[in-house]
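> Before I ask anything, here is the structure I am working with.
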Amino acid sequence: MTAVVSPAPIAASRGLDPRAISSIEAILIPVGALVASAILFSVFLLALGKSPLTFFSLVWTGGFGSAFSIQNSLQRAAPLILTGLAFAIPARIGLTLLGAEGALVLGGFSAAAVAIPLVTFGFPAFIGLPLMALAAMLAGGVWIGLAGWLRHYRGVNETISSLLLGYIAIAIMNFFVEGLLRDPASANKPSTMPMGDAYRVGSIPGTSVHWGLAAGLILAVVLYILMTRTTFGFAARMTGGNVRAAKAQGLPVGFLVVTCCAIAGACAGLAGFYEIAAIHGQANASLVAGYGFTGILVAFLARQNPLAIIPVAIMFGALDAAGGLVQRRMAMPDATVLVLQGIIFVVLLVSETFYGRIPFLQPRKTGDRT
Amino acid sequence: MNAVTPIAPAAALSGPALQTVGMTKVFGGFTALDDLSIDVKAGSFHALLGENGAGKSTLVKCIMGFYTPTKGSVLLDGQEKTIRSPRDARDLGIGMVYQQFTLVPCLTAAENLVISRADAPAIFDWKKEKPRLDEFMDKMPFRVRLNEQVSSLSAGEKQKLEILKLLYLEQRFMILDEPTSVLTPGEADEVLGLLGEMARRGEVTVLMISHKFREVKAFCDSFSVLRRGKLTGGGDAQAASVAEMSRMMIGDTEVRDRAERRKHNDTRAVLDLAGLCAEDSEGRTVVNALNLKVNAGEIVGIAGVSGNGQSALVELLAGQKEIKDGGIFIHGKPFEPKRKDFDRFKVFGLPEEPLKNATVPRMSVAENIAFRSYDKPPIASLGWWLPPGPMRKKAEELIDKYRVKTTSPDSPIESLSGGNVQRAVLARELSGDVDVLIVANPCFGLDFASVAEIRSQIMEQRNRGAAVLLVSEDLDEILELSDRVAVMSGGAINYVSPIDATDRNTIGQHMAGH
C-alpha cells in the first residue's frame, strides 16, 4: 500500500485531498438531486390531492417491505444493472449512447432465434443456454459497436445513430416475429416458438430472483476493475478525457472506441438474453419494456461508476416493483412512477452543473492564471 | 465605502488616469492581492509585469469588475469609482483586450463593431450605420478591412479590430492581456507602436500585461511589477534596465543557467521527413511535399507566419493527423506515429497548448505524468494490470525533480497553472532516453523563469544527442536555440540555413514568402 496523501510543501494546504473532494461530490450531489426530486414530486402529488407520505411509504413497502417485494425489486434491478453498464462504459470514453434498448431487444431476439434449432434438435440446456447467451452478447455488441465505428471512422454522431439503430433493432425483431419466425400458436401476440421449461434459466438458490442479477453484479465488478485498474481502462479514460492527447500518445483510438461500445452492447444484449431465458421464454413485443432507457437514468445517477450502478439499479427496480401497489392503493395510474423518473432525470441533469461549485469543497488553485 | 458614485457616461475622449489603492483580494485562505497600489498616469503606456500567479490577472479582473476586491478601491481621474460588474467598467470607459479573440468569426468587421454596442438595436439600419462607421474610422490611426468576414482577417488585423472595438465603444482606458502572443513580430511592433502614439497624444491610457521585456523597453513608458500579490517595483520603463525588471519579477528565485551549446562531431541524419503532404478538414493542402532532415545533436527551428502549415506538421508527427503522402524516416527506417514506434524510436514531444494536446485536464497529475509509461513495467504488471502504487511513486519522484507545483499528485492537472502543466509534461517526456524530440511553441504564455528553464531543458536534450525539431512562432526563441533554421511557407520549407549564416531580416523575408 502507498502512503496516504502527502501534500507538496509549496502550498500550505488547507482542506481536503482532491480525491476525497470528488468522492464527496459524487455522493452529495446525486443524493441532493434525489431529495430535490422527491420534494418536486410531492408538490405534484399534493396538486393531485394525494398524500406524498402515503406514496413514499407505499414505495418502501412495495420495494423493500417483504421478502417477496425485495426479490421482486432485485429481479427488476437485474436488467437495469446491465443496461446501466451499457451507458456507463461508453460514457467513460466520451460517448453518449442511447442504444441499450435496441441492443437488449436484438440480443433477446437473437437468443430466442438461436434457441429454435437448438430446441428442435434437442440439444441439452447446458450447451444451448451458453450458446444463446453468446449470441445475445454478440448481437448487442455488434449493434452498439457499429455506432462506435460510425462515430470514429465516419464522424456520425453516436447519440443519434445509436438511438436510431435501436428503432431498427426493434423493427428487425418485429419483422421476424411477425413473419418468418412466428409461432403459429401465438395468435394474439406474435411470438417466436416457446423454448420450454428445459431451456429456462433458473433462480438463484433460496430466492425467486433469476441468475441475471448475479451476472449483472459480476459484470459490474469486472468492468469496474477493467476501467480503473487495467491499462485498457486507463487508455479508454485518456481517450474519453482528451482525444487529441490520446492520439498524440499513439493510442489506438478507433479500437478503444469500438471495443468500449461493443462491451456496452454485449451487456445490454445479455440483459436481453435473461429477459428471454428467465422471464418470457420466447421473443415478442414484451421485450421492449424500456429497460434500456431507464438504464441511462441509472448510469447518470451512478455517475457512470460501475459499482455505484448496483445500488442505484436496485433503487429503480424497487420503484418499478412498487408501481402496481401504488396503482391499486392510491388509485393512480401506473405511469405515476414514470413521472417520478422523469423528474429525477431532469433534476439530475441540472445537478450536473454543481460539480466543482460547492463553495466549502473548493480546492485552492496552486497558481492563478496570468 | 458606501458612497455610491453615479456612473457617468464616458464622454471624455482622452485617456483617463487610473489608480488602485490598497487593493486586496483573498480567495479562501489565499491572498492573491496584498494591499496593492498602482498608479497609471493619464496618457501613459503602462506595463504590468509579473510571473504566472503573481496576481496580474486578479488585479485586472478586479478593475474590470469580474471580481469584487476584498479591500481597496479604484480611482479614475482621482475620483473613487465603484465597479461591481464588467458593465460598470464599460460604462466608465474601461475596456479590455483578452488573450483570446472575442470577435464573432462569421460576421464582418463592421458587424462586429456595431453589435458590441451596449445600445445595439434589434434591427440595424446600415444606411445610417455605414457613414457613422466611416466617420469613426477616419479618425482612427489604423484601418481594418471593415467589410471582410472576421474569419478571413489575419491575427494582426483581428487584434487591431479588438482595439478598434474599444475605441468605438469610447473605452479610453485599455487593458491588454498579453496582446502580442498571437501576432508575428512585425504585427506586434506595428500594433504596439500605434497604441504608443495614441497614448502619447493623450487619446488613450494603456495598461498592458506582458512577459516580453523587449516590448516593454520598446513601447512602454512606465511599469509596475507584481510578485506574489505584492508590488515589488515600478517606475520609468525607459530608465530601468531589463536586469532590474527581471530581478523585481522573480525575486531571489534561482533561474537555471542557460544550458550551453555543446559541439558535436556526429552529424548523422536521424529524423528525415520526405515529401510529406497533409490536408485540413476541408480538404485543402496544408503541408505540401515538405522535405527536411534533422541530425543527431541538432536543433532545427522552423519559423513561419502562423497558419503556413506548422501546426499541421506537428500534428502529422504526433499522429493527430493522417499522412496523405510521403513518409517519415528515423535512422533510415520508416516511422509510423503510433505508440509502438514512439517507443521503438524514442520519439517524444512537447506540443503547443499542453492542456489541449498533451494532457487530459480532468485526470490527475500522477496519471498525466504516466501517459508514456503506464503500459510498461514497473507501472503496469503483466502488461495489463495497473496497481495505483507504482504510478504514484513515479509521479512523486518526477514532481519533485521537475519542481511541479501541485497540492497533491491526485489533483486534476487542470487545476495547475500554465507553467506547472508544461513542467509536468516535460517531466513525462524528457525523463527518459530521448532520440527525437518534437517541440511546438513550448513557452507560449509562460513566465520568465519557466521559459528559461524549459529552453535549457530542450538544449540539454540536444547536447545529449537528440534530434530536435522546434516549431515556434517566436523568432527570438528560434534564434536562441536553433543550430539550423528552416522557414515554412505555404506548407513547404522554402529556406534552410545554419543559424550563424543568416539573420532576422533574411528569415523575415522568407517568412513573407520571398
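Ordered as shown in the C-alpha cells, chains take letters A, B, and onward, while each chain numbers its residues from 1 and ligands are numbered from 1 in the order shown.
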Which residues of chain B are close to chain A, meaning at most 7 Å apart when you count only C-alpha atoms, and how do they look as a PyMOL selection string?

chain B and resi 52-53+55-57+318-320+337-339+357-360+362+374-375+384-387+389+405-408+410-411+415-418

> Keeping only N, CA and C atoms, write the selected residues to a file as a JSON list (two decimals), in the first residue's frame.


```json
[["chain", "number", "residue", "atom", "x", "y", "z"],
["B", 52, "ASN", "N", 3.76, 34.05, -13.74],
["B", 52, "ASN", "CA", 2.45, 33.39, -13.62],
["B", 52, "ASN", "C", 2.09, 33.29, -12.15],
["B", 53, "GLY", "N", 0.85, 33.64, -11.84],
["B", 53, "GLY", "CA", 0.42, 33.51, -10.46],
["B", 53, "GLY", "C", 0.82, 34.69, -9.59],
["B", 55, "GLY", "N", -0.49, 37.57, -9.70],
["B", 55, "GLY", "CA", -1.68, 38.34, -9.36],
["B", 55, "GLY", "C", -2.08, 39.34, -10.42],
["B", 56, "LYS", "N", -1.43, 39.28, -11.58],
["B", 56, "LYS", "CA", -1.75, 40.26, -12.63],
["B", 56, "LYS", "C", -3.19, 40.12, -13.09],
["B", 57, "SER", "N", -3.61, 38.87, -13.38],
["B", 57, "SER", "CA", -4.99, 38.74, -13.87],
["B", 57, "SER", "C", -5.98, 39.07, -12.77],
["B", 318, "ALA", "N", 2.84, 13.87, -34.58],
["B", 318, "ALA", "CA", 2.27, 13.37, -33.32],
["B", 318, "ALA", "C", 1.21, 12.31, -33.57],
["B", 319, "GLY", "N", 0.86, 12.07, -34.83],
["B", 319, "GLY", "CA", -0.17, 11.07, -35.10],
["B", 319, "GLY", "C", -1.57, 11.61, -34.93],
["B", 320, "GLN", "N", -1.72, 12.93, -34.84],
["B", 320, "GLN", "CA", -3.07, 13.50, -34.71],
["B", 320, "GLN", "C", -3.69, 13.76, -36.06],
["B", 337, "PRO", "N", 3.52, 7.17, -36.77],
["B", 337, "PRO", "CA", 3.28, 7.81, -35.48],
["B", 337, "PRO", "C", 2.26, 7.05, -34.63],
["B", 338, "LYS", "N", 2.64, 5.89, -34.15],
["B", 338, "LYS", "CA", 1.81, 5.09, -33.25],
["B", 338, "LYS", "C", 2.65, 4.77, -32.03],
["B", 339, "ARG", "N", 1.96, 4.34, -30.98],
["B", 339, "ARG", "CA", 2.62, 4.13, -29.71],
["B", 339, "ARG", "C", 3.85, 3.23, -29.81],
["B", 357, "ASN", "N", -3.31, 19.50, -25.94],
["B", 357, "ASN", "CA", -2.69, 18.48, -26.79],
["B", 357, "ASN", "C", -1.93, 17.41, -26.04],
["B", 358, "ALA", "N", -1.55, 17.66, -24.80],
["B", 358, "ALA", "CA", -0.65, 16.72, -24.16],
["B", 358, "ALA", "C", -1.18, 16.17, -22.84],
["B", 359, "THR", "N", -2.32, 16.66, -22.40],
["B", 359, "THR", "CA", -2.81, 16.20, -21.11],
["B", 359, "THR", "C", -4.30, 15.92, -21.19],
["B", 360, "VAL", "N", -4.79, 15.17, -20.22],
["B", 360, "VAL", "CA", -6.24, 15.04, -20.05],
["B", 360, "VAL", "C", -6.58, 15.87, -18.83],
["B", 362, "ARG", "N", -8.92, 16.51, -16.80],
["B", 362, "ARG", "CA", -9.59, 16.04, -15.60],
["B", 362, "ARG", "C", -8.86, 14.89, -14.91],
["B", 374, "TYR", "N", 2.54, 4.13, -18.63],
["B", 374, "TYR", "CA", 1.54, 3.37, -17.87],
["B", 374, "TYR", "C", 1.44, 1.92, -18.29],
["B", 375, "ASP", "N", 1.81, 1.63, -19.55],
["B", 375, "ASP", "CA", 1.63, 0.25, -20.02],
["B", 375, "ASP", "C", 2.93, -0.55, -19.99],
["B", 384, "TRP", "N", -0.87, -5.60, -18.32],
["B", 384, "TRP", "CA", -2.21, -5.01, -18.33],
["B", 384, "TRP", "C", -2.70, -4.59, -16.95],
["B", 385, "TRP", "N", -2.14, -5.13, -15.89],
["B", 385, "TRP", "CA", -2.64, -4.82, -14.55],
["B", 385, "TRP", "C", -2.00, -3.54, -14.05],
["B", 386, "LEU", "N", -2.81, -2.64, -13.51],
["B", 386, "LEU", "CA", -2.35, -1.29, -13.20],
["B", 386, "LEU", "C", -2.59, -0.97, -11.73],
["B", 387, "PRO", "N", -1.72, -1.42, -10.82],
["B", 387, "PRO", "CA", -1.93, -1.06, -9.41],
["B", 387, "PRO", "C", -1.58, 0.42, -9.22],
["B", 389, "GLY", "N", -0.10, 2.03, -6.77],
["B", 389, "GLY", "CA", 1.12, 2.37, -6.05],
["B", 389, "GLY", "C", 2.28, 2.83, -6.91],
["B", 405, "LYS", "N", 4.57, 22.45, -9.22],
["B", 405, "LYS", "CA", 3.85, 22.90, -8.03],
["B", 405, "LYS", "C", 2.42, 22.40, -8.07],
["B", 406, "THR", "N", 2.12, 21.44, -7.20],
["B", 406, "THR", "CA", 0.75, 20.93, -7.13],
["B", 406, "THR", "C", 0.46, 20.57, -5.68],
["B", 407, "THR", "N", -0.80, 20.70, -5.27],
["B", 407, "THR", "CA", -1.11, 20.38, -3.88],
["B", 407, "THR", "C", -0.94, 18.89, -3.62],
["B", 408, "SER", "N", -1.20, 18.07, -4.65],
["B", 408, "SER", "CA", -1.10, 16.64, -4.47],
["B", 408, "SER", "C", -0.99, 15.99, -5.84],
["B", 410, "ASP", "N", -2.70, 13.78, -6.81],
["B", 410, "ASP", "CA", -4.06, 13.40, -7.20],
["B", 410, "ASP", "C", -4.90, 14.56, -7.67],
["B", 411, "SER", "N", -4.36, 15.79, -7.61],
["B", 411, "SER", "CA", -5.14, 16.92, -8.10],
["B", 411, "SER", "C", -5.30, 16.79, -9.60],
["B", 415, "SER", "N", -6.05, 22.00, -12.62],
["B", 415, "SER", "CA", -6.01, 22.99, -11.54],
["B", 415, "SER", "C", -4.63, 23.62, -11.41],
["B", 416, "LEU", "N", -3.67, 23.19, -12.23],
["B", 416, "LEU", "CA", -2.33, 23.76, -12.16],
["B", 416, "LEU", "C", -2.21, 24.98, -13.05],
["B", 417, "SER", "N", -1.23, 25.83, -12.75],
["B", 417, "SER", "CA", -1.00, 26.99, -13.61],
["B", 417, "SER", "C", -0.27, 26.52, -14.86],
["B", 418, "GLY", "N", -0.28, 27.37, -15.89],
["B", 418, "GLY", "CA", 0.27, 27.00, -17.19],
["B", 418, "GLY", "C", 1.70, 26.48, -17.13]]
```

> Give me, as number ranges by chain, all polymer residues having an atom no more than 12 Å from B:Leu231, counting only C-alpha atoms and skipping those fewer than 6 positions away in the same chain.

B: 20-24, 32-39, 48-50, 54-56, 59, 223-225, 248-249, 251

> Can you pull out every residue within 12 Å of stretch 323-332 of chain A, counting only C-alpha atoms, but drop anything in the same chain fewer than 3 positions away, and send it as a count of residues only?

34

> What lies within 8 Å of B:Pro16 using only C-alpha atoms, ignoring chain neighbours under 2 positions off, as a list of chain:residue names?

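Contacts, in chain order: B:Ser14, B:Leu18, B:Lys41, B:Ala42, B:Gly43, B:Leu76, B:Asp77, B:Arg172, B:Phe173, B:Val204, B:Thr205.
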
> Under the rule that only C-alpha atoms are counted, which of A:Gly290, A:Gly269, A:Pro311, A:Gly122 is the nearest residue to A:Ala86?

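That would be A:Gly269, the residue with the smallest distance to A:Ala86.
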
> Please indicate the distance in Å from atom CA of B:Phe335 to atom CA of B:Met488, rounded to one decimal place.

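These atoms are spaced 22.2 Å apart.
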
> Just the residues within 9 Å of A:Phe273, please, counting only C-alpha atoms, with nothing from its chain fewer than 4 positions along; format it as a ChimeraX atom specification.

/A:104-105,107-112,132-137,212,268-269,277-278

> Go ahead and write the residues just picked, C-alpha atoms, as a compact mmCIF listing (two decimals), in the first residue's frame.


```
# COMPACT_ATOMS: atom_id res chain seq x y z
CA LEU A 104 -31.31 -5.51 -25.41
CA VAL A 105 -34.11 -6.25 -27.87
CA GLY A 107 -29.86 -9.59 -28.02
CA GLY A 108 -33.05 -11.14 -26.66
CA PHE A 109 -34.35 -11.80 -30.12
CA SER A 110 -31.06 -13.41 -31.23
CA ALA A 111 -31.11 -15.66 -28.18
CA ALA A 112 -34.67 -16.76 -28.99
CA MET A 132 -27.92 -18.35 -26.60
CA ALA A 133 -26.15 -16.00 -24.18
CA LEU A 134 -23.21 -15.78 -26.55
CA ALA A 135 -25.48 -14.99 -29.49
CA ALA A 136 -27.22 -12.29 -27.45
CA MET A 137 -23.97 -10.66 -26.41
CA GLY A 212 -29.34 -12.32 -14.40
CA ALA A 268 -27.35 -4.89 -22.97
CA GLY A 269 -27.56 -8.00 -25.15
CA ALA A 277 -34.46 -17.18 -20.96
CA ALA A 278 -35.61 -16.32 -17.45
```

> Which distance in Å separates atom CA of B:Val191 and atom CA of B:Gly156, to one decimal?

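Answer for the atom CA of B:Val191 to atom CA of B:Gly156 separation: 7.7 Å.
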